[in-house]
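Just work_38.csv here, CSV, N, CA, C and O atoms:
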chain,number,residue,atom,x,y,z
A,1,MET,N,4.0,12.0,-0.3
A,1,MET,CA,2.8,11.4,0.2
A,1,MET,C,3.1,10.7,1.5
A,1,MET,O,4.2,10.2,1.8
A,2,GLU,N,2.2,10.8,2.4
A,2,GLU,CA,2.4,10.3,3.8
A,2,GLU,C,1.4,9.1,4.0
A,2,GLU,O,0.3,9.1,3.6
A,3,ILE,N,2.0,8.1,4.7
A,3,ILE,CA,1.2,7.0,5.1
A,3,ILE,C,1.0,7.2,6.7
A,3,ILE,O,2.0,7.2,7.4
A,4,LYS,N,-0.2,7.3,7.1
A,4,LYS,CA,-0.4,7.4,8.5
A,4,LYS,C,-1.0,6.1,9.1
A,4,LYS,O,-2.1,5.7,8.6
A,5,TYR,N,-0.4,5.6,10.1
A,5,TYR,CA,-0.9,4.3,10.7
A,5,TYR,C,-2.0,4.7,11.7
A,5,TYR,O,-1.7,5.3,12.7
A,6,ILE,N,-3.2,4.2,11.4
A,6,ILE,CA,-4.3,4.3,12.4
A,6,ILE,C,-4.3,3.2,13.4
A,6,ILE,O,-4.5,3.4,14.6
A,7,GLN,N,-4.0,2.0,12.9
A,7,GLN,CA,-3.9,0.8,13.8
A,7,GLN,C,-2.6,0.2,13.4
A,7,GLN,O,-2.3,0.0,12.2
A,8,ASP,N,-1.8,-0.2,14.4
A,8,ASP,CA,-0.5,-0.8,14.0
A,8,ASP,C,-0.2,-1.9,15.1
A,8,ASP,O,0.4,-1.7,16.1
A,9,GLU,N,-0.7,-3.1,14.7
A,9,GLU,CA,-0.4,-4.3,15.6
A,9,GLU,C,0.5,-5.2,14.8
A,9,GLU,O,0.8,-4.9,13.6
A,10,LYS,N,1.0,-6.3,15.4
A,10,LYS,CA,2.0,-7.1,14.7
A,10,LYS,C,1.5,-7.6,13.4
A,10,LYS,O,2.1,-7.5,12.4
A,11,ASN,N,0.3,-8.3,13.4
A,11,ASN,CA,-0.2,-8.9,12.1
A,11,ASN,C,-1.4,-8.2,11.5
A,11,ASN,O,-2.0,-8.7,10.6
A,12,GLU,N,-1.7,-7.0,12.0
A,12,GLU,CA,-2.8,-6.3,11.4
A,12,GLU,C,-2.5,-4.8,11.5
A,12,GLU,O,-2.0,-4.3,12.5
A,13,ALA,N,-2.8,-4.0,10.4
A,13,ALA,CA,-2.7,-2.6,10.4
A,13,ALA,C,-3.7,-2.0,9.6
A,13,ALA,O,-4.3,-2.6,8.7
A,14,GLU,N,-4.0,-0.7,9.9
A,14,GLU,CA,-4.9,0.1,9.1
A,14,GLU,C,-4.1,1.4,8.9
A,14,GLU,O,-3.7,2.0,9.8
A,15,VAL,N,-4.0,1.8,7.6
A,15,VAL,CA,-3.3,3.0,7.3
A,15,VAL,C,-4.2,4.0,6.5
A,15,VAL,O,-5.1,3.6,5.9
A,16,GLN,N,-3.9,5.2,6.7
A,16,GLN,CA,-4.7,6.3,6.1
A,16,GLN,C,-3.8,6.9,5.0
A,16,GLN,O,-2.7,7.3,5.2
A,17,LEU,N,-4.4,7.0,3.8
A,17,LEU,CA,-3.7,7.6,2.6
A,17,LEU,C,-4.6,8.7,2.1
A,17,LEU,O,-5.8,8.7,2.4
A,18,ASP,N,-4.1,9.6,1.3
A,18,ASP,CA,-4.9,10.6,0.7
A,18,ASP,C,-5.0,10.6,-0.8
A,18,ASP,O,-5.4,11.5,-1.5
A,19,ASN,N,-4.5,9.5,-1.4
A,19,ASN,CA,-4.6,9.3,-2.9
A,19,ASN,C,-5.1,7.9,-3.2
A,19,ASN,O,-4.5,6.9,-2.9
A,20,LEU,N,-6.2,7.9,-3.9
A,20,LEU,CA,-6.8,6.7,-4.3
A,20,LEU,C,-6.0,5.8,-5.2
A,20,LEU,O,-5.9,4.6,-5.1
A,21,THR,N,-5.3,6.4,-6.1
A,21,THR,CA,-4.4,5.7,-7.0
A,21,THR,C,-3.3,5.0,-6.3
A,21,THR,O,-3.0,3.8,-6.5
A,22,VAL,N,-2.7,5.7,-5.4
A,22,VAL,CA,-1.6,5.1,-4.6
A,22,VAL,C,-2.1,4.0,-3.7
A,22,VAL,O,-1.5,2.9,-3.6
A,23,ALA,N,-3.3,4.2,-3.1
A,23,ALA,CA,-3.9,3.1,-2.3
A,23,ALA,C,-4.2,1.9,-3.1
A,23,ALA,O,-3.9,0.8,-2.7
A,24,GLU,N,-4.6,2.0,-4.4
A,24,GLU,CA,-4.9,0.8,-5.2
A,24,GLU,C,-3.6,0.1,-5.6
A,24,GLU,O,-3.6,-1.1,-5.6
A,25,VAL,N,-2.6,0.9,-6.0
A,25,VAL,CA,-1.3,0.3,-6.4
A,25,VAL,C,-0.7,-0.4,-5.2
A,25,VAL,O,-0.3,-1.6,-5.3
A,26,LEU,N,-0.8,0.2,-4.0
A,26,LEU,CA,-0.2,-0.5,-2.8
A,26,LEU,C,-1.0,-1.7,-2.5
A,26,LEU,O,-0.5,-2.8,-2.1
A,27,ARG,N,-2.4,-1.7,-2.6
A,27,ARG,CA,-3.2,-2.8,-2.4
A,27,ARG,C,-2.8,-4.0,-3.3
A,27,ARG,O,-2.7,-5.1,-2.9
A,28,ALA,N,-2.6,-3.7,-4.6
A,28,ALA,CA,-2.3,-4.7,-5.6
A,28,ALA,C,-1.0,-5.3,-5.3
A,28,ALA,O,-0.8,-6.6,-5.4
A,29,TYR,N,0.0,-4.6,-4.9
A,29,TYR,CA,1.3,-5.1,-4.5
A,29,TYR,C,1.3,-6.0,-3.3
A,29,TYR,O,1.9,-7.0,-3.2
A,30,LEU,N,0.5,-5.5,-2.3
A,30,LEU,CA,0.3,-6.2,-1.0
A,30,LEU,C,-0.4,-7.6,-1.3
A,30,LEU,O,-0.1,-8.6,-0.7
A,31,ALA,N,-1.3,-7.6,-2.2
A,31,ALA,CA,-2.1,-8.8,-2.5
A,31,ALA,C,-1.2,-9.9,-3.1
A,31,ALA,O,-1.5,-11.1,-3.0
A,32,LYS,N,-0.1,-9.5,-3.8
A,32,LYS,CA,0.9,-10.4,-4.4
A,32,LYS,C,1.7,-11.1,-3.3
A,32,LYS,O,2.3,-12.1,-3.6
A,33,ASP,N,1.8,-10.5,-2.1
A,33,ASP,CA,2.7,-11.0,-1.0
A,33,ASP,C,2.0,-12.2,-0.4
A,33,ASP,O,0.9,-12.1,0.1
A,34,GLU,N,2.7,-13.3,-0.4
A,34,GLU,CA,2.1,-14.6,0.2
A,34,GLU,C,1.9,-14.5,1.7
A,34,GLU,O,1.2,-15.3,2.3
A,35,ASP,N,2.6,-13.6,2.4
A,35,ASP,CA,2.4,-13.4,3.8
A,35,ASP,C,1.3,-12.5,4.1
A,35,ASP,O,0.9,-12.3,5.3
A,36,VAL,N,0.6,-11.9,3.2
A,36,VAL,CA,-0.5,-11.0,3.4
A,36,VAL,C,-1.8,-11.9,3.2
A,36,VAL,O,-2.0,-12.4,2.1
A,37,SER,N,-2.6,-12.0,4.2
A,37,SER,CA,-3.8,-12.8,4.1
A,37,SER,C,-5.0,-12.0,3.8
A,37,SER,O,-6.0,-12.5,3.3
A,38,PHE,N,-5.0,-10.7,4.0
A,38,PHE,CA,-6.1,-9.8,3.6
A,38,PHE,C,-5.6,-8.4,3.4
A,38,PHE,O,-4.8,-7.9,4.1
A,39,VAL,N,-6.1,-7.8,2.3
A,39,VAL,CA,-5.8,-6.4,2.1
A,39,VAL,C,-6.9,-5.8,1.3
A,39,VAL,O,-7.4,-6.4,0.3
A,40,ALA,N,-7.4,-4.6,1.7
A,40,ALA,CA,-8.5,-3.9,1.0
A,40,ALA,C,-8.5,-2.5,1.5
A,40,ALA,O,-8.0,-2.1,2.5
A,41,TRP,N,-9.0,-1.6,0.6
A,41,TRP,CA,-9.1,-0.2,0.9
A,41,TRP,C,-10.6,0.2,1.0
A,41,TRP,O,-11.4,-0.5,0.4
A,42,LYS,N,-10.9,1.2,1.7
A,42,LYS,CA,-12.3,1.8,1.7
A,42,LYS,C,-12.2,3.3,1.8
A,42,LYS,O,-11.2,3.9,2.2
A,43,LYS,N,-13.2,3.9,1.2
A,43,LYS,CA,-13.3,5.3,1.3
A,43,LYS,C,-14.7,5.6,1.9
A,43,LYS,O,-15.7,5.1,1.4
A,44,GLU,N,-14.7,6.4,2.9
A,44,GLU,CA,-15.9,6.6,3.7
A,44,GLU,C,-17.0,7.3,2.8
A,44,GLU,O,-18.2,6.8,2.9
A,45,HIS,N,-16.6,8.3,2.0
A,45,HIS,CA,-17.6,9.0,1.2
A,45,HIS,C,-16.9,9.7,0.1
A,45,HIS,O,-15.7,10.1,0.3
A,46,PRO,N,-17.4,9.8,-1.1
A,46,PRO,CA,-16.7,10.4,-2.2
A,46,PRO,C,-16.3,11.9,-1.9
A,46,PRO,O,-15.3,12.3,-2.5
A,47,SER,N,-17.0,12.5,-1.0
A,47,SER,CA,-16.6,13.9,-0.7
A,47,SER,C,-15.4,14.0,0.2
A,47,SER,O,-14.8,15.1,0.4
A,48,LYS,N,-15.0,12.9,0.8
A,48,LYS,CA,-13.9,12.9,1.7
A,48,LYS,C,-12.6,12.4,1.0
A,48,LYS,O,-12.7,11.5,0.2
A,49,LYS,N,-11.5,13.0,1.4
A,49,LYS,CA,-10.2,12.6,0.7
A,49,LYS,C,-9.6,11.4,1.2
A,49,LYS,O,-8.9,10.7,0.5
A,50,GLU,N,-9.8,11.0,2.5
A,50,GLU,CA,-9.1,10.0,3.1
A,50,GLU,C,-9.5,8.6,2.6
A,50,GLU,O,-10.7,8.3,2.4
A,51,ILE,N,-8.5,7.7,2.4
A,51,ILE,CA,-8.7,6.3,2.0
A,51,ILE,C,-8.0,5.5,3.1
A,51,ILE,O,-6.9,5.8,3.6
A,52,PHE,N,-8.7,4.4,3.6
A,52,PHE,CA,-8.2,3.6,4.6
A,52,PHE,C,-7.9,2.2,4.0
A,52,PHE,O,-8.7,1.6,3.3
A,53,LEU,N,-6.6,1.8,4.3
A,53,LEU,CA,-6.2,0.5,3.8
A,53,LEU,C,-6.0,-0.5,4.9
A,53,LEU,O,-5.2,-0.1,5.9
A,54,LYS,N,-6.7,-1.6,4.9
A,54,LYS,CA,-6.6,-2.6,6.0
A,54,LYS,C,-5.7,-3.7,5.5
A,54,LYS,O,-5.9,-4.3,4.4
A,55,ILE,N,-4.7,-4.1,6.4
A,55,ILE,CA,-3.8,-5.2,6.0
A,55,ILE,C,-3.8,-6.2,7.1
A,55,ILE,O,-3.6,-5.8,8.3
A,56,LYS,N,-3.9,-7.5,6.8
A,56,LYS,CA,-3.7,-8.6,7.8
A,56,LYS,C,-2.6,-9.5,7.2
A,56,LYS,O,-2.7,-9.8,6.0
A,57,THR,N,-1.7,-9.9,8.1
A,57,THR,CA,-0.6,-10.8,7.6
A,57,THR,C,-0.5,-12.0,8.4
A,57,THR,O,-1.0,-12.1,9.5
A,58,LYS,N,0.3,-12.9,7.9
A,58,LYS,CA,0.7,-14.1,8.6
A,58,LYS,C,2.2,-14.4,8.2
A,58,LYS,O,2.6,-14.3,7.1
A,59,GLY,N,3.1,-14.5,9.2
A,59,GLY,CA,4.5,-14.7,8.9
A,59,GLY,C,5.4,-13.5,9.0
A,59,GLY,O,6.5,-13.6,9.4
A,60,LYS,N,4.9,-12.3,8.7
A,60,LYS,CA,5.7,-11.1,8.9
A,60,LYS,C,4.7,-10.0,9.4
A,60,LYS,O,3.5,-10.1,9.2
A,61,THR,N,5.3,-9.0,9.9
A,61,THR,CA,4.4,-7.9,10.4
A,61,THR,C,3.8,-7.1,9.3
A,61,THR,O,4.3,-7.1,8.2
A,62,ALA,N,2.7,-6.5,9.6
A,62,ALA,CA,2.0,-5.7,8.6
A,62,ALA,C,2.8,-4.5,8.1
A,62,ALA,O,2.9,-4.2,7.0
A,63,ARG,N,3.5,-3.9,9.1
A,63,ARG,CA,4.4,-2.8,8.8
A,63,ARG,C,5.5,-3.2,7.8
A,63,ARG,O,5.9,-2.5,6.9
A,64,LYS,N,6.1,-4.4,8.0
A,64,LYS,CA,7.1,-5.0,7.1
A,64,LYS,C,6.5,-5.3,5.7
A,64,LYS,O,7.2,-5.0,4.7
A,65,ALA,N,5.3,-5.8,5.7
A,65,ALA,CA,4.7,-6.0,4.4
A,65,ALA,C,4.5,-4.7,3.6
A,65,ALA,O,4.7,-4.7,2.4
A,66,VAL,N,4.1,-3.7,4.3
A,66,VAL,CA,3.9,-2.4,3.6
A,66,VAL,C,5.2,-1.9,3.1
A,66,VAL,O,5.3,-1.4,2.0
A,67,ALA,N,6.2,-2.0,3.9
A,67,ALA,CA,7.6,-1.5,3.6
A,67,ALA,C,8.1,-2.3,2.3
A,67,ALA,O,8.7,-1.7,1.4
A,68,ASP,N,7.9,-3.6,2.3
A,68,ASP,CA,8.3,-4.4,1.2
A,68,ASP,C,7.6,-4.0,-0.1
A,68,ASP,O,8.2,-4.0,-1.1
A,69,ALA,N,6.3,-3.8,0.1
A,69,ALA,CA,5.5,-3.4,-1.1
A,69,ALA,C,5.9,-2.1,-1.7
A,69,ALA,O,6.1,-1.9,-2.9
A,70,ILE,N,6.2,-1.1,-0.8
A,70,ILE,CA,6.7,0.2,-1.3
A,70,ILE,C,8.0,0.1,-2.0
A,70,ILE,O,8.3,0.7,-3.0
A,71,LYS,N,8.9,-0.7,-1.4
A,71,LYS,CA,10.2,-1.0,-2.0
A,71,LYS,C,10.1,-1.6,-3.4
A,71,LYS,O,10.8,-1.2,-4.3
A,72,GLN,N,9.2,-2.5,-3.6
A,72,GLN,CA,9.0,-3.2,-4.9
A,72,GLN,C,8.3,-2.2,-5.9
A,72,GLN,O,8.7,-2.2,-7.0
A,73,ILE,N,7.4,-1.3,-5.4
A,73,ILE,CA,6.8,-0.3,-6.3
A,73,ILE,C,7.9,0.6,-6.8
A,73,ILE,O,7.9,1.0,-7.9
A,74,GLU,N,8.7,1.1,-5.9
A,74,GLU,CA,9.8,2.0,-6.3
A,74,GLU,C,10.7,1.3,-7.3
A,74,GLU,O,11.1,2.0,-8.3
A,75,LYS,N,11.1,0.1,-7.1
A,75,LYS,CA,12.0,-0.6,-8.0
A,75,LYS,C,11.3,-0.7,-9.4
A,75,LYS,O,11.9,-0.5,-10.4
A,76,ASP,N,10.0,-1.1,-9.4
A,76,ASP,CA,9.3,-1.3,-10.7
A,76,ASP,C,9.2,0.1,-11.4
A,76,ASP,O,9.3,0.2,-12.6
A,77,ALA,N,8.9,1.1,-10.6
A,77,ALA,CA,8.8,2.5,-11.2
A,77,ALA,C,10.1,2.9,-11.8
A,77,ALA,O,10.2,3.5,-12.9
A,78,ASP,N,11.2,2.6,-11.1
A,78,ASP,CA,12.6,2.9,-11.7
A,78,ASP,C,12.8,2.2,-13.0
A,78,ASP,O,13.4,2.7,-13.9
A,79,ASP,N,12.4,0.9,-13.0
A,79,ASP,CA,12.6,0.1,-14.2
A,79,ASP,C,11.8,0.6,-15.4
A,79,ASP,O,12.3,0.7,-16.5
A,80,ILE,N,10.6,1.1,-15.1
A,80,ILE,CA,9.8,1.7,-16.1
A,80,ILE,C,10.4,3.0,-16.7
A,80,ILE,O,10.5,3.2,-17.9
A,81,VAL,N,10.9,3.9,-15.8
A,81,VAL,CA,11.6,5.1,-16.2
A,81,VAL,C,12.8,4.7,-17.1
A,81,VAL,O,13.1,5.3,-18.1
A,82,ASP,N,13.6,3.8,-16.6
A,82,ASP,CA,14.8,3.4,-17.4
A,82,ASP,C,14.4,2.8,-18.8
A,82,ASP,O,15.1,3.1,-19.8
A,83,GLY,N,13.3,2.1,-18.8
A,83,GLY,CA,12.8,1.6,-20.1
A,83,GLY,C,12.5,2.7,-21.1
A,83,GLY,O,12.8,2.7,-22.3
A,84,PHE,N,11.8,3.8,-20.6
A,84,PHE,CA,11.5,4.9,-21.4
A,84,PHE,C,12.7,5.7,-21.8
A,84,PHE,O,12.8,6.1,-23.0
A,85,LYS,N,13.7,5.8,-21.0
A,85,LYS,CA,14.9,6.5,-21.3
A,85,LYS,C,15.7,5.7,-22.4
A,85,LYS,O,16.2,6.3,-23.3
A,86,LYS,N,15.7,4.4,-22.4
A,86,LYS,CA,16.3,3.6,-23.4
A,86,LYS,C,15.6,3.6,-24.7
A,86,LYS,O,16.1,3.4,-25.8
A,87,ALA,N,14.3,3.9,-24.7
A,87,ALA,CA,13.4,3.9,-25.9
A,87,ALA,C,13.6,5.2,-26.7
A,87,ALA,O,13.2,5.2,-27.9
A,88,LYS,N,14.3,6.2,-26.2
A,88,LYS,CA,14.5,7.5,-26.9
A,88,LYS,C,15.3,7.3,-28.1
A,88,LYS,O,16.2,6.6,-28.3
Could you rewrite the structure in this file as C-alpha cells?
Amino acid sequence: MEIKYIQDEKNEAEVQLDNLTVAEVLRAYLAKDEDVSFVAWKKEHPSKKEIFLKIKTKGKTARKAVADAIKQIEKDADDIVDGFKKAK
C-alpha cells in the first residue's frame, strides 16, 4: 500500500490512500497521539477509490506523526499474530 502526500507542511499534511480500512485504522491511531490536534478522512464520492486523510499537529511534524502511527500499527499487528500462534 502506498501513502501519497498531497500536502506536506511541518504541522499539516494531507495524504491520499486507496483503502478505506487502512485510512480508518491510521486515523484511529493518529487520534490517540497527543501531538495530533486534528485528523479526519474524506472520500469524494463512493465511486472513487481515493481517500484523503488530513492531519494537523502541534509539537511534532505531521510526517513524523504518520510514521509513528504506522510503526505502532505494525507492532500491534505483530502482537496479534503472535497471540494467534500461541493459541494453537
Interatomic distance (Å, one decimal) between atom O of A:Ala69 and atom C of A:Ala31: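 Going from atom O of A:Ala69 over to atom C of A:Ala31 covers 10.8 Å.
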Interatomic distance (Å, one decimal) between atom N of A:Glu24 and atom CA of A:Leu53: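 Answer for the atom N of A:Glu24 to atom CA of A:Leu53 separation: 8.5 Å.
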Pairwise distance for atom N of A:Ile51 and atom C of A:Asp78, rounded to one decimal in Å: 26.9 Å
When DSSP is applied to the backbone of this structure, which of chain A are assigned helix (DSSP H, G or I)? Write them out as a compact mmCIF listing (two decimals) with N, CA, C and O atoms, in the coordinates of the input.
# COMPACT_ATOMS: atom_id res chain seq x y z
N LEU A 20 -6.20 7.90 -3.90
CA LEU A 20 -6.80 6.70 -4.30
C LEU A 20 -6.00 5.80 -5.20
O LEU A 20 -5.90 4.60 -5.10
N THR A 21 -5.30 6.40 -6.10
CA THR A 21 -4.40 5.70 -7.00
C THR A 21 -3.30 5.00 -6.30
O THR A 21 -3.00 3.80 -6.50
N VAL A 22 -2.70 5.70 -5.40
CA VAL A 22 -1.60 5.10 -4.60
C VAL A 22 -2.10 4.00 -3.70
O VAL A 22 -1.50 2.90 -3.60
N ALA A 23 -3.30 4.20 -3.10
CA ALA A 23 -3.90 3.10 -2.30
C ALA A 23 -4.20 1.90 -3.10
O ALA A 23 -3.90 0.80 -2.70
N GLU A 24 -4.60 2.00 -4.40
CA GLU A 24 -4.90 0.80 -5.20
C GLU A 24 -3.60 0.10 -5.60
O GLU A 24 -3.60 -1.10 -5.60
N VAL A 25 -2.60 0.90 -6.00
CA VAL A 25 -1.30 0.30 -6.40
C VAL A 25 -0.70 -0.40 -5.20
O VAL A 25 -0.30 -1.60 -5.30
N LEU A 26 -0.80 0.20 -4.00
CA LEU A 26 -0.20 -0.50 -2.80
C LEU A 26 -1.00 -1.70 -2.50
O LEU A 26 -0.50 -2.80 -2.10
N ARG A 27 -2.40 -1.70 -2.60
CA ARG A 27 -3.20 -2.80 -2.40
C ARG A 27 -2.80 -4.00 -3.30
O ARG A 27 -2.70 -5.10 -2.90
N ALA A 28 -2.60 -3.70 -4.60
CA ALA A 28 -2.30 -4.70 -5.60
C ALA A 28 -1.00 -5.30 -5.30
O ALA A 28 -0.80 -6.60 -5.40
N TYR A 29 0.00 -4.60 -4.90
CA TYR A 29 1.30 -5.10 -4.50
C TYR A 29 1.30 -6.00 -3.30
O TYR A 29 1.90 -7.00 -3.20
N LEU A 30 0.50 -5.50 -2.30
CA LEU A 30 0.30 -6.20 -1.00
C LEU A 30 -0.40 -7.60 -1.30
O LEU A 30 -0.10 -8.60 -0.70
N ALA A 31 -1.30 -7.60 -2.20
CA ALA A 31 -2.10 -8.80 -2.50
C ALA A 31 -1.20 -9.90 -3.10
O ALA A 31 -1.50 -11.10 -3.00
N LYS A 32 -0.10 -9.50 -3.80
CA LYS A 32 0.90 -10.40 -4.40
C LYS A 32 1.70 -11.10 -3.30
O LYS A 32 2.30 -12.10 -3.60
N ALA A 62 2.70 -6.50 9.60
CA ALA A 62 2.00 -5.70 8.60
C ALA A 62 2.80 -4.50 8.10
O ALA A 62 2.90 -4.20 7.00
N ARG A 63 3.50 -3.90 9.10
CA ARG A 63 4.40 -2.80 8.80
C ARG A 63 5.50 -3.20 7.80
O ARG A 63 5.90 -2.50 6.90
N LYS A 64 6.10 -4.40 8.00
CA LYS A 64 7.10 -5.00 7.10
C LYS A 64 6.50 -5.30 5.70
O LYS A 64 7.20 -5.00 4.70
N ALA A 65 5.30 -5.80 5.70
CA ALA A 65 4.70 -6.00 4.40
C ALA A 65 4.50 -4.70 3.60
O ALA A 65 4.70 -4.70 2.40
N VAL A 66 4.10 -3.70 4.30
CA VAL A 66 3.90 -2.40 3.60
C VAL A 66 5.20 -1.90 3.10
O VAL A 66 5.30 -1.40 2.00
N ALA A 67 6.20 -2.00 3.90
CA ALA A 67 7.60 -1.50 3.60
C ALA A 67 8.10 -2.30 2.30
O ALA A 67 8.70 -1.70 1.40
N ASP A 68 7.90 -3.60 2.30
CA ASP A 68 8.30 -4.40 1.20
C ASP A 68 7.60 -4.00 -0.10
O ASP A 68 8.20 -4.00 -1.10
N ALA A 69 6.30 -3.80 0.10
CA ALA A 69 5.50 -3.40 -1.10
C ALA A 69 5.90 -2.10 -1.70
O ALA A 69 6.10 -1.90 -2.90
N ILE A 70 6.20 -1.10 -0.80
CA ILE A 70 6.70 0.20 -1.30
C ILE A 70 8.00 0.10 -2.00
O ILE A 70 8.30 0.70 -3.00
N LYS A 71 8.90 -0.70 -1.40
CA LYS A 71 10.20 -1.00 -2.00
C LYS A 71 10.10 -1.60 -3.40
O LYS A 71 10.80 -1.20 -4.30
N GLN A 72 9.20 -2.50 -3.60
CA GLN A 72 9.00 -3.20 -4.90
C GLN A 72 8.30 -2.20 -5.90
O GLN A 72 8.70 -2.20 -7.00
N ILE A 73 7.40 -1.30 -5.40
CA ILE A 73 6.80 -0.30 -6.30
C ILE A 73 7.90 0.60 -6.80
O ILE A 73 7.90 1.00 -7.90
N GLU A 74 8.70 1.10 -5.90
CA GLU A 74 9.80 2.00 -6.30
C GLU A 74 10.70 1.30 -7.30
O GLU A 74 11.10 2.00 -8.30
N LYS A 75 11.10 0.10 -7.10
CA LYS A 75 12.00 -0.60 -8.00
C LYS A 75 11.30 -0.70 -9.40
O LYS A 75 11.90 -0.50 -10.40
N ASP A 76 10.00 -1.10 -9.40
CA ASP A 76 9.30 -1.30 -10.70
C ASP A 76 9.20 0.10 -11.40
O ASP A 76 9.30 0.20 -12.60
N ALA A 77 8.90 1.10 -10.60
CA ALA A 77 8.80 2.50 -11.20
C ALA A 77 10.10 2.90 -11.80
O ALA A 77 10.20 3.50 -12.90
N ASP A 78 11.20 2.60 -11.10
CA ASP A 78 12.60 2.90 -11.70
C ASP A 78 12.80 2.20 -13.00
O ASP A 78 13.40 2.70 -13.90
N ASP A 79 12.40 0.90 -13.00
CA ASP A 79 12.60 0.10 -14.20
C ASP A 79 11.80 0.60 -15.40
O ASP A 79 12.30 0.70 -16.50
N ILE A 80 10.60 1.10 -15.10
CA ILE A 80 9.80 1.70 -16.10
C ILE A 80 10.40 3.00 -16.70
O ILE A 80 10.50 3.20 -17.90
N VAL A 81 10.90 3.90 -15.80
CA VAL A 81 11.60 5.10 -16.20
C VAL A 81 12.80 4.70 -17.10
O VAL A 81 13.10 5.30 -18.10
N ASP A 82 13.60 3.80 -16.60
CA ASP A 82 14.80 3.40 -17.40
C ASP A 82 14.40 2.80 -18.80
O ASP A 82 15.10 3.10 -19.80
N GLY A 83 13.30 2.10 -18.80
CA GLY A 83 12.80 1.60 -20.10
C GLY A 83 12.50 2.70 -21.10
O GLY A 83 12.80 2.70 -22.30
N PHE A 84 11.80 3.80 -20.60
CA PHE A 84 11.50 4.90 -21.40
C PHE A 84 12.70 5.70 -21.80
O PHE A 84 12.80 6.10 -23.00
N LYS A 85 13.70 5.80 -21.00
CA LYS A 85 14.90 6.50 -21.30
C LYS A 85 15.70 5.70 -22.40
O LYS A 85 16.20 6.30 -23.30
N LYS A 86 15.70 4.40 -22.40
CA LYS A 86 16.30 3.60 -23.40
C LYS A 86 15.60 3.60 -24.70
O LYS A 86 16.10 3.40 -25.80
N ALA A 87 14.30 3.90 -24.70
CA ALA A 87 13.40 3.90 -25.90
C ALA A 87 13.60 5.20 -26.70
O ALA A 87 13.20 5.20 -27.90
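Candidate residues A:Lys56, A:Glu74, A:Lys86, A:Lys64 were compared for distance to A:Ala13, and the nearest is A:Lys56, using only N, CA, C and O atoms.
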Exercise: A:Val36 partners within 5 Å, only N, CA, C and O atoms, chain neighbours under 6 positions left out, as a list in words: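 Neighbouring residues, sequence-local ones excluded: Leu30, Lys56, Thr57 and Lys58 of chain A.
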Contacts of A:Leu17 at 5 Å or less, counting all atoms listed in the file, minus same-chain residues fewer than 4 places along, as an mmCIF file with N, CA, C and O atoms, in the frame of the given file?
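Result went into result.cif, see below:
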data_model
loop_
_atom_site.group_PDB
_atom_site.id
_atom_site.type_symbol
_atom_site.label_atom_id
_atom_site.label_comp_id
_atom_site.auth_asym_id
_atom_site.auth_seq_id
_atom_site.Cartn_x
_atom_site.Cartn_y
_atom_site.Cartn_z
ATOM 1 N N GLU A 2 2.200 10.800 2.400
ATOM 2 C CA GLU A 2 2.400 10.300 3.800
ATOM 3 C C GLU A 2 1.400 9.100 4.000
ATOM 4 O O GLU A 2 0.300 9.100 3.600
ATOM 5 N N LYS A 49 -11.500 13.000 1.400
ATOM 6 C CA LYS A 49 -10.200 12.600 0.700
ATOM 7 C C LYS A 49 -9.600 11.400 1.200
ATOM 8 O O LYS A 49 -8.900 10.700 0.500
ATOM 9 N N GLU A 50 -9.800 11.000 2.500
ATOM 10 C CA GLU A 50 -9.100 10.000 3.100
ATOM 11 C C GLU A 50 -9.500 8.600 2.600
ATOM 12 O O GLU A 50 -10.700 8.300 2.400
ATOM 13 N N ILE A 51 -8.500 7.700 2.400
ATOM 14 C CA ILE A 51 -8.700 6.300 2.000
ATOM 15 C C ILE A 51 -8.000 5.500 3.100
ATOM 16 O O ILE A 51 -6.900 5.800 3.600
#
Nearest-residue call for A:Lys43, choices A:Gln72, A:Tyr29, A:Asp18, A:Lys85, using only C-alpha atoms: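 Using only C-alpha atoms, A:Lys43 sits closest to A:Asp18.
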Nearest to A:Ala40 by atom-to-atom distance, counting all atoms listed in the file, from A:Gln16, A:Lys4, A:Lys54, A:Arg27: A:Lys54
